[in-house]
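Enquirer: My structure file coords_38.cif, mmCIF, N, CA and C atoms, is below:
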data_input
loop_
_atom_site.label_atom_id
_atom_site.label_comp_id
_atom_site.auth_asym_id
_atom_site.auth_seq_id
_atom_site.Cartn_x
_atom_site.Cartn_y
_atom_site.Cartn_z
N MET A 155 9.97 -14.48 -22.31
CA MET A 155 9.97 -14.65 -23.74
C MET A 155 9.45 -13.36 -24.37
N THR A 156 10.19 -12.83 -25.34
CA THR A 156 9.76 -11.61 -26.02
C THR A 156 9.06 -11.96 -27.31
N VAL A 157 8.08 -11.17 -27.64
CA VAL A 157 7.34 -11.37 -28.88
C VAL A 157 7.86 -10.35 -29.88
N ALA A 158 8.32 -10.85 -31.04
CA ALA A 158 8.87 -9.96 -32.06
C ALA A 158 7.74 -9.14 -32.69
N THR A 159 8.04 -7.89 -32.93
CA THR A 159 7.07 -7.01 -33.58
C THR A 159 7.12 -7.24 -35.08
N ILE A 160 5.94 -7.33 -35.66
CA ILE A 160 5.84 -7.54 -37.10
C ILE A 160 5.79 -6.20 -37.81
N ASP A 161 6.65 -6.02 -38.78
CA ASP A 161 6.61 -4.83 -39.63
C ASP A 161 5.53 -5.08 -40.67
N GLN A 162 4.44 -4.33 -40.58
CA GLN A 162 3.28 -4.55 -41.45
C GLN A 162 3.62 -4.42 -42.93
N LYS A 163 4.48 -3.48 -43.28
CA LYS A 163 4.84 -3.29 -44.68
C LYS A 163 5.66 -4.48 -45.20
N LYS A 164 6.63 -4.92 -44.41
CA LYS A 164 7.44 -6.08 -44.82
C LYS A 164 6.56 -7.32 -44.93
N TYR A 165 5.67 -7.50 -43.96
CA TYR A 165 4.79 -8.66 -43.98
C TYR A 165 3.85 -8.59 -45.18
N GLY A 166 3.36 -7.42 -45.47
CA GLY A 166 2.49 -7.23 -46.64
C GLY A 166 3.20 -7.58 -47.93
N ARG A 167 4.47 -7.19 -48.06
CA ARG A 167 5.24 -7.53 -49.26
C ARG A 167 5.45 -9.04 -49.37
N LEU A 168 5.73 -9.69 -48.23
CA LEU A 168 5.88 -11.15 -48.24
C LEU A 168 4.57 -11.82 -48.66
N LEU A 169 3.46 -11.35 -48.13
CA LEU A 169 2.16 -11.92 -48.47
C LEU A 169 1.85 -11.71 -49.95
N ALA A 170 2.20 -10.54 -50.47
CA ALA A 170 1.94 -10.24 -51.88
C ALA A 170 2.74 -11.17 -52.79
N ARG A 171 3.95 -11.52 -52.38
CA ARG A 171 4.77 -12.46 -53.18
C ARG A 171 4.27 -13.89 -53.05
N ALA A 172 3.93 -14.29 -51.84
CA ALA A 172 3.53 -15.68 -51.59
C ALA A 172 2.09 -15.97 -51.98
N LEU A 173 1.23 -14.97 -51.88
CA LEU A 173 -0.20 -15.13 -52.14
C LEU A 173 -0.81 -16.33 -51.42
N PRO A 174 -0.65 -16.39 -50.09
CA PRO A 174 -1.24 -17.51 -49.36
C PRO A 174 -2.76 -17.46 -49.42
N ARG A 175 -3.37 -18.64 -49.62
CA ARG A 175 -4.82 -18.74 -49.72
C ARG A 175 -5.21 -20.17 -49.39
N ARG A 176 -6.49 -20.39 -49.21
CA ARG A 176 -6.95 -21.75 -48.94
C ARG A 176 -6.57 -22.61 -50.14
N ILE A 177 -5.92 -23.72 -49.86
CA ILE A 177 -5.41 -24.59 -50.91
C ILE A 177 -6.54 -25.47 -51.42
N VAL A 178 -6.71 -25.46 -52.75
CA VAL A 178 -7.78 -26.23 -53.37
C VAL A 178 -7.23 -27.35 -54.25
N THR A 179 -6.14 -27.09 -54.96
CA THR A 179 -5.60 -28.08 -55.91
C THR A 179 -4.25 -28.61 -55.43
N GLU A 180 -3.85 -29.73 -56.01
CA GLU A 180 -2.53 -30.31 -55.71
C GLU A 180 -1.41 -29.34 -56.10
N GLU A 181 -1.62 -28.61 -57.20
CA GLU A 181 -0.60 -27.65 -57.65
C GLU A 181 -0.41 -26.54 -56.62
N GLU A 182 -1.52 -26.03 -56.10
CA GLU A 182 -1.43 -25.01 -55.05
C GLU A 182 -0.76 -25.58 -53.80
N TYR A 183 -1.12 -26.81 -53.48
CA TYR A 183 -0.51 -27.48 -52.33
C TYR A 183 1.01 -27.56 -52.51
N ASP A 184 1.43 -28.01 -53.69
CA ASP A 184 2.86 -28.14 -53.97
C ASP A 184 3.57 -26.79 -53.85
N GLU A 185 2.95 -25.73 -54.36
CA GLU A 185 3.54 -24.39 -54.27
C GLU A 185 3.75 -23.98 -52.82
N MET A 186 2.73 -24.19 -52.00
CA MET A 186 2.80 -23.78 -50.59
C MET A 186 3.83 -24.61 -49.83
N VAL A 187 3.91 -25.90 -50.14
CA VAL A 187 4.89 -26.77 -49.48
C VAL A 187 6.31 -26.35 -49.86
N VAL A 188 6.52 -26.03 -51.13
CA VAL A 188 7.85 -25.58 -51.56
C VAL A 188 8.23 -24.28 -50.85
N LEU A 189 7.31 -23.34 -50.78
CA LEU A 189 7.60 -22.08 -50.10
C LEU A 189 7.88 -22.31 -48.62
N ALA A 190 7.07 -23.14 -47.98
CA ALA A 190 7.30 -23.44 -46.56
C ALA A 190 8.65 -24.12 -46.38
N GLY A 191 9.01 -25.00 -47.31
CA GLY A 191 10.30 -25.67 -47.24
C GLY A 191 11.47 -24.70 -47.37
N GLU A 192 11.32 -23.71 -48.24
CA GLU A 192 12.37 -22.70 -48.41
C GLU A 192 12.56 -21.90 -47.12
N LEU A 193 11.45 -21.55 -46.49
CA LEU A 193 11.54 -20.80 -45.24
C LEU A 193 12.14 -21.67 -44.13
N THR A 194 11.71 -22.92 -44.07
CA THR A 194 12.22 -23.83 -43.05
C THR A 194 13.71 -24.05 -43.22
N ALA A 195 14.16 -24.14 -44.47
CA ALA A 195 15.58 -24.38 -44.75
C ALA A 195 16.47 -23.25 -44.25
N LYS A 196 15.92 -22.06 -44.13
CA LYS A 196 16.70 -20.93 -43.62
C LYS A 196 17.08 -21.14 -42.16
N GLY A 197 16.28 -21.91 -41.47
CA GLY A 197 16.52 -22.11 -40.04
C GLY A 197 15.72 -21.11 -39.23
N GLU A 198 15.18 -21.58 -38.12
CA GLU A 198 14.29 -20.76 -37.30
C GLU A 198 14.97 -19.47 -36.83
N SER A 199 16.23 -19.56 -36.46
CA SER A 199 16.93 -18.38 -35.94
C SER A 199 17.23 -17.35 -37.04
N ALA A 200 17.24 -17.78 -38.30
CA ALA A 200 17.55 -16.87 -39.40
C ALA A 200 16.30 -16.21 -39.99
N LEU A 201 15.11 -16.67 -39.59
CA LEU A 201 13.87 -16.09 -40.12
C LEU A 201 13.57 -14.74 -39.48
N SER A 202 13.11 -13.84 -40.30
CA SER A 202 12.64 -12.56 -39.75
C SER A 202 11.30 -12.84 -39.07
N PRO A 203 10.82 -11.94 -38.21
CA PRO A 203 9.51 -12.15 -37.60
C PRO A 203 8.41 -12.29 -38.65
N GLU A 204 8.53 -11.55 -39.74
CA GLU A 204 7.53 -11.61 -40.81
C GLU A 204 7.56 -12.97 -41.51
N GLU A 205 8.77 -13.49 -41.76
CA GLU A 205 8.89 -14.81 -42.38
C GLU A 205 8.36 -15.90 -41.45
N GLY A 206 8.59 -15.73 -40.15
CA GLY A 206 8.07 -16.68 -39.18
C GLY A 206 6.55 -16.73 -39.20
N LYS A 207 5.92 -15.56 -39.28
CA LYS A 207 4.45 -15.49 -39.35
C LYS A 207 3.94 -16.10 -40.65
N LEU A 208 4.64 -15.85 -41.75
CA LEU A 208 4.24 -16.43 -43.03
C LEU A 208 4.37 -17.95 -42.97
N LEU A 209 5.44 -18.44 -42.39
CA LEU A 209 5.63 -19.89 -42.27
C LEU A 209 4.52 -20.50 -41.42
N GLU A 210 4.14 -19.83 -40.35
CA GLU A 210 3.04 -20.30 -39.50
C GLU A 210 1.74 -20.37 -40.30
N LEU A 211 1.46 -19.34 -41.10
CA LEU A 211 0.26 -19.31 -41.93
C LEU A 211 0.29 -20.43 -42.96
N LEU A 212 1.42 -20.64 -43.61
CA LEU A 212 1.54 -21.71 -44.60
C LEU A 212 1.31 -23.07 -43.96
N GLY A 213 1.81 -23.24 -42.76
CA GLY A 213 1.60 -24.49 -42.04
C GLY A 213 0.12 -24.76 -41.79
N ILE A 214 -0.61 -23.72 -41.43
CA ILE A 214 -2.05 -23.85 -41.20
C ILE A 214 -2.77 -24.21 -42.49
N LEU A 215 -2.41 -23.57 -43.58
CA LEU A 215 -3.05 -23.84 -44.87
C LEU A 215 -2.75 -25.26 -45.37
N VAL A 216 -1.51 -25.69 -45.23
CA VAL A 216 -1.13 -27.03 -45.66
C VAL A 216 -1.82 -28.08 -44.79
N GLU A 217 -1.85 -27.85 -43.49
CA GLU A 217 -2.51 -28.80 -42.59
C GLU A 217 -4.00 -28.89 -42.90
N ASP A 218 -4.63 -27.76 -43.19
CA ASP A 218 -6.05 -27.76 -43.55
C ASP A 218 -6.29 -28.62 -44.79
N TYR A 219 -5.45 -28.44 -45.80
CA TYR A 219 -5.59 -29.23 -47.04
C TYR A 219 -5.40 -30.72 -46.74
N ASP A 220 -4.36 -31.04 -45.99
CA ASP A 220 -4.11 -32.43 -45.64
C ASP A 220 -5.29 -33.04 -44.90
N ASP A 221 -5.83 -32.31 -43.94
CA ASP A 221 -6.96 -32.82 -43.16
C ASP A 221 -8.19 -33.06 -44.03
N ARG A 222 -8.40 -32.19 -45.02
CA ARG A 222 -9.57 -32.34 -45.89
C ARG A 222 -9.40 -33.45 -46.91
N HIS A 223 -8.18 -33.64 -47.40
CA HIS A 223 -7.96 -34.60 -48.49
C HIS A 223 -7.36 -35.93 -48.05
N TYR A 224 -6.66 -35.95 -46.93
CA TYR A 224 -6.00 -37.17 -46.48
C TYR A 224 -6.21 -37.35 -44.98
N PRO A 225 -7.45 -37.52 -44.56
CA PRO A 225 -7.70 -37.66 -43.12
C PRO A 225 -7.07 -38.95 -42.59
N LEU A 226 -6.27 -38.81 -41.55
CA LEU A 226 -5.64 -39.97 -40.93
C LEU A 226 -6.55 -40.54 -39.86
N GLY A 227 -6.56 -41.81 -39.76
CA GLY A 227 -7.32 -42.47 -38.72
C GLY A 227 -8.79 -42.61 -39.05
N ALA A 228 -9.25 -42.01 -40.12
CA ALA A 228 -10.66 -42.07 -40.48
C ALA A 228 -10.98 -43.35 -41.26
N GLY A 229 -9.97 -43.93 -41.89
CA GLY A 229 -10.20 -45.10 -42.72
C GLY A 229 -10.00 -46.39 -41.93
N ASP A 230 -10.26 -47.49 -42.61
CA ASP A 230 -10.03 -48.75 -41.92
C ASP A 230 -8.57 -49.16 -42.08
N PRO A 231 -8.05 -49.96 -41.15
CA PRO A 231 -6.62 -50.29 -41.15
C PRO A 231 -6.11 -50.93 -42.43
N VAL A 232 -6.89 -51.82 -43.03
CA VAL A 232 -6.44 -52.50 -44.24
C VAL A 232 -6.38 -51.50 -45.40
N ALA A 233 -7.34 -50.60 -45.49
CA ALA A 233 -7.32 -49.58 -46.54
C ALA A 233 -6.11 -48.66 -46.37
N ILE A 234 -5.82 -48.29 -45.14
CA ILE A 234 -4.65 -47.44 -44.88
C ILE A 234 -3.37 -48.17 -45.27
N LEU A 235 -3.29 -49.45 -44.90
CA LEU A 235 -2.12 -50.25 -45.26
C LEU A 235 -1.98 -50.35 -46.78
N ALA A 236 -3.08 -50.59 -47.47
CA ALA A 236 -3.04 -50.69 -48.93
C ALA A 236 -2.57 -49.37 -49.56
N GLU A 237 -3.04 -48.26 -49.00
CA GLU A 237 -2.65 -46.94 -49.52
C GLU A 237 -1.16 -46.69 -49.30
N LEU A 238 -0.65 -47.05 -48.12
CA LEU A 238 0.77 -46.89 -47.84
C LEU A 238 1.62 -47.77 -48.75
N MET A 239 1.15 -48.99 -48.98
CA MET A 239 1.87 -49.89 -49.88
C MET A 239 1.93 -49.31 -51.28
N GLU A 240 0.79 -48.84 -51.77
CA GLU A 240 0.73 -48.27 -53.12
C GLU A 240 1.64 -47.05 -53.25
N ALA A 241 1.60 -46.19 -52.24
CA ALA A 241 2.41 -44.96 -52.28
C ALA A 241 3.90 -45.27 -52.34
N ARG A 242 4.30 -46.40 -51.78
CA ARG A 242 5.72 -46.76 -51.75
C ARG A 242 6.08 -47.84 -52.78
N GLY A 243 5.11 -48.25 -53.58
CA GLY A 243 5.38 -49.25 -54.61
C GLY A 243 5.70 -50.62 -54.04
N LEU A 244 5.07 -50.98 -52.93
CA LEU A 244 5.34 -52.25 -52.28
C LEU A 244 4.33 -53.31 -52.70
N THR A 245 4.74 -54.56 -52.59
CA THR A 245 3.85 -55.69 -52.84
C THR A 245 3.65 -56.46 -51.54
N GLN A 246 2.76 -57.47 -51.58
CA GLN A 246 2.54 -58.31 -50.40
C GLN A 246 3.85 -58.93 -49.92
N LYS A 247 4.66 -59.32 -50.86
CA LYS A 247 5.92 -59.97 -50.52
C LYS A 247 6.80 -59.09 -49.63
N ASP A 248 6.73 -57.78 -49.84
CA ASP A 248 7.53 -56.85 -49.04
C ASP A 248 7.10 -56.83 -47.58
N LEU A 249 5.86 -57.26 -47.31
CA LEU A 249 5.33 -57.24 -45.95
C LEU A 249 5.47 -58.57 -45.23
N TRP A 250 5.89 -59.61 -45.91
CA TRP A 250 6.01 -60.93 -45.28
C TRP A 250 6.79 -60.88 -43.97
N PRO A 251 7.95 -60.19 -43.93
CA PRO A 251 8.70 -60.16 -42.66
C PRO A 251 7.92 -59.49 -41.52
N LEU A 252 7.08 -58.54 -41.85
CA LEU A 252 6.32 -57.83 -40.82
C LEU A 252 5.19 -58.67 -40.24
N PHE A 253 4.58 -59.50 -41.09
CA PHE A 253 3.47 -60.34 -40.65
C PHE A 253 3.92 -61.75 -40.26
N GLY A 254 5.13 -62.12 -40.63
CA GLY A 254 5.65 -63.41 -40.24
C GLY A 254 5.50 -64.50 -41.28
N SER A 255 4.61 -64.32 -42.24
CA SER A 255 4.46 -65.34 -43.28
C SER A 255 3.67 -64.78 -44.46
N LYS A 256 3.78 -65.50 -45.55
CA LYS A 256 3.04 -65.15 -46.76
C LYS A 256 1.54 -65.30 -46.51
N GLY A 257 1.16 -66.40 -45.83
CA GLY A 257 -0.26 -66.67 -45.58
C GLY A 257 -0.92 -65.62 -44.72
N THR A 258 -0.26 -65.22 -43.64
CA THR A 258 -0.82 -64.21 -42.74
C THR A 258 -0.96 -62.87 -43.47
N THR A 259 0.04 -62.52 -44.24
CA THR A 259 -0.01 -61.27 -45.02
C THR A 259 -1.21 -61.29 -45.95
N SER A 260 -1.40 -62.37 -46.66
CA SER A 260 -2.51 -62.50 -47.58
C SER A 260 -3.85 -62.42 -46.85
N GLU A 261 -3.96 -63.10 -45.72
CA GLU A 261 -5.21 -63.09 -44.95
C GLU A 261 -5.55 -61.69 -44.46
N VAL A 262 -4.56 -60.95 -44.01
CA VAL A 262 -4.81 -59.58 -43.54
C VAL A 262 -5.26 -58.70 -44.70
N LEU A 263 -4.54 -58.75 -45.80
CA LEU A 263 -4.87 -57.89 -46.93
C LEU A 263 -6.19 -58.27 -47.59
N ASN A 264 -6.61 -59.51 -47.43
CA ASN A 264 -7.90 -59.95 -47.96
C ASN A 264 -9.01 -59.89 -46.91
N ARG A 265 -8.71 -59.26 -45.79
CA ARG A 265 -9.68 -59.03 -44.71
C ARG A 265 -10.23 -60.31 -44.08
N LYS A 266 -9.43 -61.35 -44.10
CA LYS A 266 -9.84 -62.59 -43.45
C LYS A 266 -9.27 -62.68 -42.04
N ARG A 267 -8.37 -61.77 -41.72
CA ARG A 267 -7.73 -61.72 -40.41
C ARG A 267 -7.44 -60.26 -40.07
N GLY A 268 -7.60 -59.92 -38.82
CA GLY A 268 -7.30 -58.56 -38.38
C GLY A 268 -5.81 -58.37 -38.15
N ILE A 269 -5.42 -57.13 -37.97
CA ILE A 269 -4.03 -56.79 -37.68
C ILE A 269 -3.86 -56.80 -36.16
N SER A 270 -2.93 -57.61 -35.67
CA SER A 270 -2.69 -57.68 -34.23
C SER A 270 -1.95 -56.42 -33.76
N LYS A 271 -1.92 -56.22 -32.46
CA LYS A 271 -1.21 -55.05 -31.91
C LYS A 271 0.29 -55.13 -32.22
N ALA A 272 0.85 -56.32 -32.12
CA ALA A 272 2.29 -56.49 -32.43
C ALA A 272 2.56 -56.19 -33.90
N GLN A 273 1.68 -56.65 -34.78
CA GLN A 273 1.84 -56.37 -36.21
C GLN A 273 1.68 -54.87 -36.47
N ALA A 274 0.72 -54.25 -35.79
CA ALA A 274 0.49 -52.81 -35.95
C ALA A 274 1.74 -52.02 -35.55
N LYS A 275 2.39 -52.45 -34.49
CA LYS A 275 3.63 -51.78 -34.06
C LYS A 275 4.73 -51.92 -35.11
N ARG A 276 4.85 -53.13 -35.67
CA ARG A 276 5.87 -53.35 -36.70
C ARG A 276 5.57 -52.54 -37.96
N LEU A 277 4.30 -52.51 -38.34
CA LEU A 277 3.89 -51.71 -39.51
C LEU A 277 4.17 -50.23 -39.28
N ALA A 278 3.84 -49.76 -38.08
CA ALA A 278 4.07 -48.35 -37.75
C ALA A 278 5.54 -47.99 -37.84
N GLU A 279 6.38 -48.86 -37.33
CA GLU A 279 7.82 -48.62 -37.39
C GLU A 279 8.31 -48.64 -38.84
N PHE A 280 7.82 -49.59 -39.60
CA PHE A 280 8.23 -49.74 -41.00
C PHE A 280 7.81 -48.54 -41.85
N PHE A 281 6.56 -48.07 -41.66
CA PHE A 281 6.03 -46.97 -42.47
C PHE A 281 6.23 -45.59 -41.83
N HIS A 282 6.74 -45.56 -40.60
CA HIS A 282 6.96 -44.30 -39.88
C HIS A 282 5.65 -43.53 -39.69
N VAL A 283 4.64 -44.23 -39.21
CA VAL A 283 3.33 -43.64 -38.91
C VAL A 283 2.88 -44.14 -37.54
N PRO A 284 1.86 -43.52 -36.95
CA PRO A 284 1.36 -44.00 -35.66
C PRO A 284 0.74 -45.41 -35.78
N ALA A 285 0.97 -46.23 -34.77
CA ALA A 285 0.45 -47.60 -34.76
C ALA A 285 -1.06 -47.64 -34.73
N ASP A 286 -1.69 -46.63 -34.16
CA ASP A 286 -3.16 -46.66 -34.05
C ASP A 286 -3.86 -46.58 -35.41
N LEU A 287 -3.14 -46.27 -36.47
CA LEU A 287 -3.73 -46.31 -37.80
C LEU A 287 -4.11 -47.73 -38.22
N PHE A 288 -3.42 -48.71 -37.61
CA PHE A 288 -3.63 -50.10 -37.99
C PHE A 288 -4.48 -50.90 -36.99
N ILE A 289 -4.94 -50.22 -35.97
CA ILE A 289 -5.72 -50.91 -34.93
C ILE A 289 -7.19 -50.54 -35.05
#
Please lay out the structure from this file as structure tokens.
Expert:
Amino acid sequence: MTVATIDQKKYGRLLARALPRRIVTEEEYDEMVVLAGELTAKGESALSPEEGKLLELLGILVEDYDDRHYPLGAGDPVAILAELMEARGLTQKDLWPLFGSKGTTSEVLNRKRGISKAQAKRLAEFFHVPADLFI
């Protein structure tokens, strides 16, 4: 595997345009995500070595922001479920098929019953997240 040489001047110009920095606000986050998306859309084989390094840096900055503001697995399963429901505009009724009944859904969301492993798997598939978030 060969390592591409970075042209310092080209990379400097890219950095000057992108102004990558530790992300503090949602607006900065959005800017960095848009820029990373533009680079990703070019395709890995079409990126210059300098663009590849910039994309790597943007990924680190975005991941840092996500980890600080939206830690996964740190919350309790019901809170995570409630957050996912809110983000997607879902109601309890939308989850009835996943829990098997209206009553079970209500009991889980009201913390009167835990989420079973089978339910966690169904929730994970439905929300496209790891099942361990619900266990």
Enquirer: Tell me, in Å to one decimal, how far atom C of Asn264 (chain A) is from atom C of Asp220 (chain A).
Expert: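 About the pair atom C of Asn264 (chain A) and atom C of Asp220 (chain A): they are 27.2 Å apart.
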Enquirer: Taking into account only C-alpha atoms, which residue in the set A:Tyr183, A:Phe253, A:Phe280, A:Phe288 is nearest to Asp218 (chain A)?
Expert: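 The answer is A:Tyr183, which sits nearest to Asp218 (chain A).
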Enquirer: Would you pick out the contacts of Pro231 (chain A) at 9 Å or less, using only C-alpha atoms, so that residues sharing its chain but fewer than 3 positions from it are not included, and give the list as a VMD selection string?
Expert: chain A and resid 227 234 to 236 268 to 269 286 to 289
Enquirer: Go ahead and compute the interatomic distance for CA of Arg242 (chain A) and CA of Asp184 (chain A), in Å to one decimal.
Expert: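 About the pair CA of Arg242 (chain A) and CA of Asp184 (chain A): they are 19.0 Å apart.
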Enquirer: Can you tell me how far CA of Asp221 (chain A) sits from CA of Arg176 (chain A), in Å to one decimal?
Expert: 12.5 Å
Enquirer: Rank A:Ala158, A:Ala190, A:Leu263, A:Ala233 by their smallest atom-to-atom distance to Ser202 (chain A), using all atoms listed in the file, and report the top residue only.
Expert: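 Selected residue with least distance to Ser202 (chain A): A:Ala158.
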Enquirer: Skipping near chain neighbours, those fewer than 6 positions away, what residues fall within 8 Å of Leu238 (chain A) using only N, CA and C atoms, listed as a PDB file with N, CA and C atoms, in the coordinates of the input?
Expert:
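File written: around27.pdb
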ATOM      1  N   VAL A 232      -6.890 -51.820 -43.030  1.00  0.00           N
ATOM      2  CA  VAL A 232      -6.440 -52.500 -44.240  1.00  0.00           C
ATOM      3  C   VAL A 232      -6.380 -51.500 -45.400  1.00  0.00           C
ATOM      4  N   LEU A 244       5.070 -50.980 -52.930  1.00  0.00           N
ATOM      5  CA  LEU A 244       5.340 -52.250 -52.280  1.00  0.00           C
ATOM      6  C   LEU A 244       4.330 -53.310 -52.700  1.00  0.00           C
ATOM      7  N   PHE A 281       6.560 -48.070 -41.660  1.00  0.00           N
ATOM      8  CA  PHE A 281       6.030 -46.970 -42.470  1.00  0.00           C
ATOM      9  C   PHE A 281       6.230 -45.590 -41.830  1.00  0.00           C
TER      10      PHE A 281
END
Enquirer: Excluding same-chain residues fewer than 2 positions from Arg175 (chain A), what lies within 8 Å of it counting only N, CA and C atoms, as a PDB file with N, CA and C atoms, in the frame of the given file?
Expert:
ATOM      1  N   ALA A 172       3.930 -14.290 -51.840  1.00  0.00           N
ATOM      2  CA  ALA A 172       3.530 -15.680 -51.590  1.00  0.00           C
ATOM      3  C   ALA A 172       2.090 -15.970 -51.980  1.00  0.00           C
ATOM      4  N   LEU A 173       1.230 -14.970 -51.880  1.00  0.00           N
ATOM      5  CA  LEU A 173      -0.200 -15.130 -52.140  1.00  0.00           C
ATOM      6  C   LEU A 173      -0.810 -16.330 -51.420  1.00  0.00           C
ATOM      7  N   ILE A 177      -5.920 -23.720 -49.860  1.00  0.00           N
ATOM      8  CA  ILE A 177      -5.410 -24.590 -50.910  1.00  0.00           C
ATOM      9  C   ILE A 177      -6.540 -25.470 -51.420  1.00  0.00           C
ATOM     10  N   VAL A 178      -6.710 -25.460 -52.750  1.00  0.00           N
ATOM     11  CA  VAL A 178      -7.780 -26.230 -53.370  1.00  0.00           C
ATOM     12  C   VAL A 178      -7.230 -27.350 -54.250  1.00  0.00           C
ATOM     13  N   LEU A 211       1.460 -19.340 -41.100  1.00  0.00           N
ATOM     14  CA  LEU A 211       0.260 -19.310 -41.930  1.00  0.00           C
ATOM     15  C   LEU A 211       0.290 -20.430 -42.960  1.00  0.00           C
ATOM     16  N   LEU A 212       1.420 -20.640 -43.610  1.00  0.00           N
ATOM     17  CA  LEU A 212       1.540 -21.710 -44.600  1.00  0.00           C
ATOM     18  C   LEU A 212       1.310 -23.070 -43.960  1.00  0.00           C
ATOM     19  N   LEU A 215      -2.410 -23.570 -43.580  1.00  0.00           N
ATOM     20  CA  LEU A 215      -3.050 -23.840 -44.870  1.00  0.00           C
ATOM     21  C   LEU A 215      -2.750 -25.260 -45.370  1.00  0.00           C
ATOM     22  N   VAL A 216      -1.510 -25.690 -45.230  1.00  0.00           N
ATOM     23  CA  VAL A 216      -1.130 -27.030 -45.660  1.00  0.00           C
ATOM     24  C   VAL A 216      -1.820 -28.080 -44.790  1.00  0.00           C
TER      25      VAL A 216
END
Enquirer: Can you pull out every residue from region 158-284 of chain A that DSSP, working from the backbone, puts in alpha helix (DSSP H), and format the result as an MDAnalysis selection string?
Expert: chainID A and resid 162:172 180:196 203:223 231:242 246:253 256:263 271:281
Enquirer: Residues near Gly166 (chain A), anyone? I mean within 9 Å using only C-alpha atoms, not counting same-chain ones fewer than 5 positions away, as a list in words.
Expert: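 Those residues are Asp161, Arg171 and Glu204 of chain A.
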Enquirer: I would like the residues chosen by the PyMOL selection byres ((chain A and resi 285) around 8) on the shown file; could you give them as a list of chain:residue names?
Expert: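 Going through the file, the PyMOL selection byres ((chain A and resi 285) around 8) ends up selecting A:Lys271, A:Gln273, A:Ala274, A:Lys275, A:Arg276, A:Leu277, A:Ala278, A:Glu279, A:His282, A:Val283, A:Pro284, A:Asp286, A:Leu287, A:Phe288, A:Ile289.
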Enquirer: Those same residues, written as an mmCIF file, in the coordinates of the input with N, CA and C atoms?
Expert:
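Written out: selection.cif:
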data_model
loop_
_atom_site.group_PDB
_atom_site.id
_atom_site.type_symbol
_atom_site.label_atom_id
_atom_site.label_comp_id
_atom_site.auth_asym_id
_atom_site.auth_seq_id
_atom_site.Cartn_x
_atom_site.Cartn_y
_atom_site.Cartn_z
ATOM 1 N N LYS A 271 -1.920 -56.220 -32.460
ATOM 2 C CA LYS A 271 -1.210 -55.050 -31.910
ATOM 3 C C LYS A 271 0.290 -55.130 -32.220
ATOM 4 N N GLN A 273 1.680 -56.650 -34.780
ATOM 5 C CA GLN A 273 1.840 -56.370 -36.210
ATOM 6 C C GLN A 273 1.680 -54.870 -36.470
ATOM 7 N N ALA A 274 0.720 -54.250 -35.790
ATOM 8 C CA ALA A 274 0.490 -52.810 -35.950
ATOM 9 C C ALA A 274 1.740 -52.020 -35.550
ATOM 10 N N LYS A 275 2.390 -52.450 -34.490
ATOM 11 C CA LYS A 275 3.630 -51.780 -34.060
ATOM 12 C C LYS A 275 4.730 -51.920 -35.110
ATOM 13 N N ARG A 276 4.850 -53.130 -35.670
ATOM 14 C CA ARG A 276 5.870 -53.350 -36.700
ATOM 15 C C ARG A 276 5.570 -52.540 -37.960
ATOM 16 N N LEU A 277 4.300 -52.510 -38.340
ATOM 17 C CA LEU A 277 3.890 -51.710 -39.510
ATOM 18 C C LEU A 277 4.170 -50.230 -39.280
ATOM 19 N N ALA A 278 3.840 -49.760 -38.080
ATOM 20 C CA ALA A 278 4.070 -48.350 -37.750
ATOM 21 C C ALA A 278 5.540 -47.990 -37.840
ATOM 22 N N GLU A 279 6.380 -48.860 -37.330
ATOM 23 C CA GLU A 279 7.820 -48.620 -37.390
ATOM 24 C C GLU A 279 8.310 -48.640 -38.840
ATOM 25 N N HIS A 282 6.740 -45.560 -40.600
ATOM 26 C CA HIS A 282 6.960 -44.300 -39.880
ATOM 27 C C HIS A 282 5.650 -43.530 -39.690
ATOM 28 N N VAL A 283 4.640 -44.230 -39.210
ATOM 29 C CA VAL A 283 3.330 -43.640 -38.910
ATOM 30 C C VAL A 283 2.880 -44.140 -37.540
ATOM 31 N N PRO A 284 1.860 -43.520 -36.950
ATOM 32 C CA PRO A 284 1.360 -44.000 -35.660
ATOM 33 C C PRO A 284 0.740 -45.410 -35.780
ATOM 34 N N ASP A 286 -1.690 -46.630 -34.160
ATOM 35 C CA ASP A 286 -3.160 -46.660 -34.050
ATOM 36 C C ASP A 286 -3.860 -46.580 -35.410
ATOM 37 N N LEU A 287 -3.140 -46.270 -36.470
ATOM 38 C CA LEU A 287 -3.730 -46.310 -37.800
ATOM 39 C C LEU A 287 -4.110 -47.730 -38.220
ATOM 40 N N PHE A 288 -3.420 -48.710 -37.610
ATOM 41 C CA PHE A 288 -3.630 -50.100 -37.990
ATOM 42 C C PHE A 288 -4.480 -50.900 -36.990
ATOM 43 N N ILE A 289 -4.940 -50.220 -35.970
ATOM 44 C CA ILE A 289 -5.720 -50.910 -34.930
ATOM 45 C C ILE A 289 -7.190 -50.540 -35.050
#
Enquirer: Smallest atom-to-atom distance to Leu252 (chain A): which of A:Ala272, A:Glu185, A:Met239, A:Lys196, using all atoms listed in the file?
Expert: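 Looking only at the distances to Leu252 (chain A), the closest residue turns out to be A:Ala272.
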